[in-house]
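Presented below is the structure to which this report refers.
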Amino acid sequence: MTEVLKGYRDPVQLKIAAKENLDGKWLVAIAVTLVAWLLVEAFTYKNGGNTSFRLVMENGNLVRAANPNSSTNNLMSLVSFIIGGPIYYGVAGYFLKLARRIPAEFTDMFSGFSLFKTNFVLNFFIILFTALWTLLLIVPGIIASIKYSMAYYIVNDDPGTGALEAIRRSKEMMDGHKMRFFEMWLGFLGWFILGIVTFGLGMIYAIPYYRAAKANFYLDLKENYSV
């Protein structure tokens, strides 16, 4: 286990903060998560579902191949690729508002379309760079996805940030904190496994919970990071 650094919350504290953020807001948070999944992921893969690896990657839609024998899956993969960036931005923004105790609405998940070009390009480069690292081995691909995991929060906080600049800042922010992030993710592993064995039902609870903790993780990084 990594040392808990001064100014940063440990995984248990992040989970406590996430539950506090979601108190009284579970239904909307679940709706945001479920609709995002339906729009971006549900019909993209031939098994139609999430995996624990996908929960680490979170933005790598095209790294897993769709069924080449299904024109519907291929079409949905294209739709996923086109709208993925804006949706991920909107979901990140929604949970970031919860973490900051700012009123958040279901419609926040569509806010990324106002910055469509930036978010589309950001999604493209995250997919590309993660896929290239994954070609080496699975572990470098996971590490790369963790390094890029703060990019959408960065663009939410600074909408003028370009896609590559957001990725660069995310890598800088995560320097020295990748293992902390992975340990936080491991704290949700039991929930993810439960979600898989219950054919996705457990994910209804696990994913909003995880995203709320991840938004708090970003706030810790931002508080101690200077551009």
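Ordered as shown in the structure tokens, chains take letters A, B, and onward, while each chain numbers its residues from 1 and ligands are numbered from 1 in the order shown.
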
Write out as a ChimeraX atom specification which residues come within 9 Å of Glu172 of chain A when counting only C-alpha atoms, dropping same-chain ones fewer than 5 positions away.
/A:147,167,225

Residues from the last selection, N, CA and C atoms, saved as a PDB file, in the first residue's frame:
ATOM      1  N   LYS A 147      -3.274   7.369 -16.317  1.00  0.00           N
ATOM      2  CA  LYS A 147      -2.614   8.665 -16.508  1.00  0.00           C
ATOM      3  C   LYS A 147      -3.552   9.680 -17.165  1.00  0.00           C
ATOM      4  N   ILE A 167      -4.646  16.165 -21.753  1.00  0.00           N
ATOM      5  CA  ILE A 167      -3.955  14.893 -21.529  1.00  0.00           C
ATOM      6  C   ILE A 167      -2.613  15.134 -20.843  1.00  0.00           C
ATOM      7  N   TYR A 225      -2.081  20.917  -7.059  1.00  0.00           N
ATOM      8  CA  TYR A 225      -1.430  20.995  -8.376  1.00  0.00           C
ATOM      9  C   TYR A 225      -1.476  22.426  -8.870  1.00  0.00           C
TER      10      TYR A 225
END

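Non-sequential neighbours of Met174 of chain A (distance at most 12 Å, separation of 3 or more positions within a chain, only C-alpha atoms) are Ile143, Ala144, Ser145, Ile146, Lys147, Tyr148, Ser149, Met150, Ala151, Ile167, Arg168, Arg169, Ser170, Lys171, His177, Lys178, Met179, Arg180, Phe181, Phe182, Phe217, Tyr218, Asp220, Leu221, Lys222, Asn224 and Tyr225 of chain A.
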
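Nearest to Gly93 of chain A of all the residues A:Leu201, A:Ala212, A:Leu75, A:Ala163 is A:Ala212, counting only C-alpha atoms.
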
Shell around Trp191 of chain A at 12 Å using only C-alpha atoms, local window under 6 positions removed, as a list in words:
Thr51, Ser52, Leu55, Trp185, Val197, Thr198, Gly200, Leu201, Gly202, Met203, Ile204, Tyr205, Ala206, Ile207, Pro208, Tyr209 and Tyr210 of chain A

Kindly give the distance, in Å, that separates atom CA of Glu165 of chain A and atom CA of Ser111 of chain A, rounded to a single decimal.
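Separating atom CA of Glu165 of chain A from atom CA of Ser111 of chain A is a distance of 20.2 Å.
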
Which residue, A:Val40, A:Met76, A:Ile83, A:Leu115, has the smallest gap to Gly160 of chain A when you use only C-alpha atoms?
A:Leu115

Contacts of segment 66-162 of chain A with segment 14-25 of chain A up to 12 Å, shortest pair per row, only C-alpha atoms, as a Markdown table:
| residue | atom | partner | partner_atom | distance |
| --- | --- | --- | --- | --- |
| A:Tyr94 | CA | A:Asn21 | CA | 11.3 |
| A:Phe95 | CA | A:Asn21 | CA | 8.6 |
| A:Leu96 | CA | A:Asn21 | CA | 9.8 |
| A:Lys97 | CA | A:Asn21 | CA | 9.2 |
| A:Leu98 | CA | A:Asn21 | CA | 5.5 |
| A:Ala99 | CA | A:Asn21 | CA | 5.8 |
| A:Arg100 | CA | A:Asn21 | CA | 8.3 |
| A:Arg101 | CA | A:Asn21 | CA | 6.9 |
| A:Ile102 | CA | A:Asn21 | CA | 9.8 |
| A:Pro103 | CA | A:Lys25 | CA | 10.1 |
| A:Ala104 | CA | A:Lys25 | CA | 9.1 |
| A:Glu105 | CA | A:Lys25 | CA | 9.8 |
| A:Phe106 | CA | A:Lys25 | CA | 10.5 |

When DSSP is applied to the backbone of this structure, which of segment 104-151 of chain A are assigned alpha helix (DSSP H)? Write them out as a VMD selection string.
chain A and resid 116 to 136 138 to 147 151

For Asn119 of chain A, work out the shell of residues within 12 Å, counting only C-alpha atoms and skipping chain neighbours fewer than 4 positions away, then give it as a VMD selection string.
chain A and resid 59 81 to 90 92 110 to 115 123 to 126 151 to 156 159 to 164 166 to 167

Keeping only C-alpha atoms, take the residues you just selected and write them out as a PDB file, in the first residue's frame.
ATOM      1  CA  ASN A  59     -12.697   5.936 -22.034  1.00  0.00           C
ATOM      2  CA  PHE A  81     -17.040   7.010 -30.966  1.00  0.00           C
ATOM      3  CA  ILE A  82     -18.764  10.207 -32.102  1.00  0.00           C
ATOM      4  CA  ILE A  83     -20.682  11.012 -28.916  1.00  0.00           C
ATOM      5  CA  GLY A  84     -18.405   9.303 -26.376  1.00  0.00           C
ATOM      6  CA  GLY A  85     -16.237  12.329 -25.614  1.00  0.00           C
ATOM      7  CA  PRO A  86     -19.094  14.773 -24.967  1.00  0.00           C
ATOM      8  CA  ILE A  87     -20.932  12.216 -22.827  1.00  0.00           C
ATOM      9  CA  TYR A  88     -17.842  11.397 -20.736  1.00  0.00           C
ATOM     10  CA  TYR A  89     -17.271  15.131 -20.254  1.00  0.00           C
ATOM     11  CA  GLY A  90     -20.867  15.621 -19.118  1.00  0.00           C
ATOM     12  CA  ALA A  92     -17.492  13.910 -15.237  1.00  0.00           C
ATOM     13  CA  PHE A 110     -25.205  16.541 -22.116  1.00  0.00           C
ATOM     14  CA  SER A 111     -23.159  19.678 -21.416  1.00  0.00           C
ATOM     15  CA  GLY A 112     -20.187  18.283 -23.326  1.00  0.00           C
ATOM     16  CA  PHE A 113     -21.898  18.853 -26.666  1.00  0.00           C
ATOM     17  CA  SER A 114     -21.292  22.580 -26.243  1.00  0.00           C
ATOM     18  CA  LEU A 115     -17.582  21.712 -26.528  1.00  0.00           C
ATOM     19  CA  ASN A 123     -11.780  10.955 -26.719  1.00  0.00           C
ATOM     20  CA  PHE A 124      -9.974  10.122 -29.964  1.00  0.00           C
ATOM     21  CA  PHE A 125      -6.515  10.687 -28.495  1.00  0.00           C
ATOM     22  CA  ILE A 126      -7.292   8.839 -25.254  1.00  0.00           C
ATOM     23  CA  ALA A 151      -8.543  14.849 -18.593  1.00  0.00           C
ATOM     24  CA  TYR A 152     -12.318  15.386 -18.685  1.00  0.00           C
ATOM     25  CA  TYR A 153     -12.317  16.999 -15.237  1.00  0.00           C
ATOM     26  CA  ILE A 154      -9.563  19.336 -16.410  1.00  0.00           C
ATOM     27  CA  VAL A 155     -11.594  20.439 -19.436  1.00  0.00           C
ATOM     28  CA  ASN A 156     -14.647  20.904 -17.205  1.00  0.00           C
ATOM     29  CA  PRO A 159     -13.054  24.746 -21.065  1.00  0.00           C
ATOM     30  CA  GLY A 160     -10.420  26.584 -23.078  1.00  0.00           C
ATOM     31  CA  THR A 161      -7.979  23.706 -22.622  1.00  0.00           C
ATOM     32  CA  GLY A 162      -7.175  21.782 -25.790  1.00  0.00           C
ATOM     33  CA  ALA A 163      -7.377  17.995 -25.945  1.00  0.00           C
ATOM     34  CA  LEU A 164      -3.635  17.321 -25.946  1.00  0.00           C
ATOM     35  CA  ALA A 166      -5.712  18.231 -21.069  1.00  0.00           C
ATOM     36  CA  ILE A 167      -3.955  14.893 -21.529  1.00  0.00           C
TER      37      ILE A 167
END
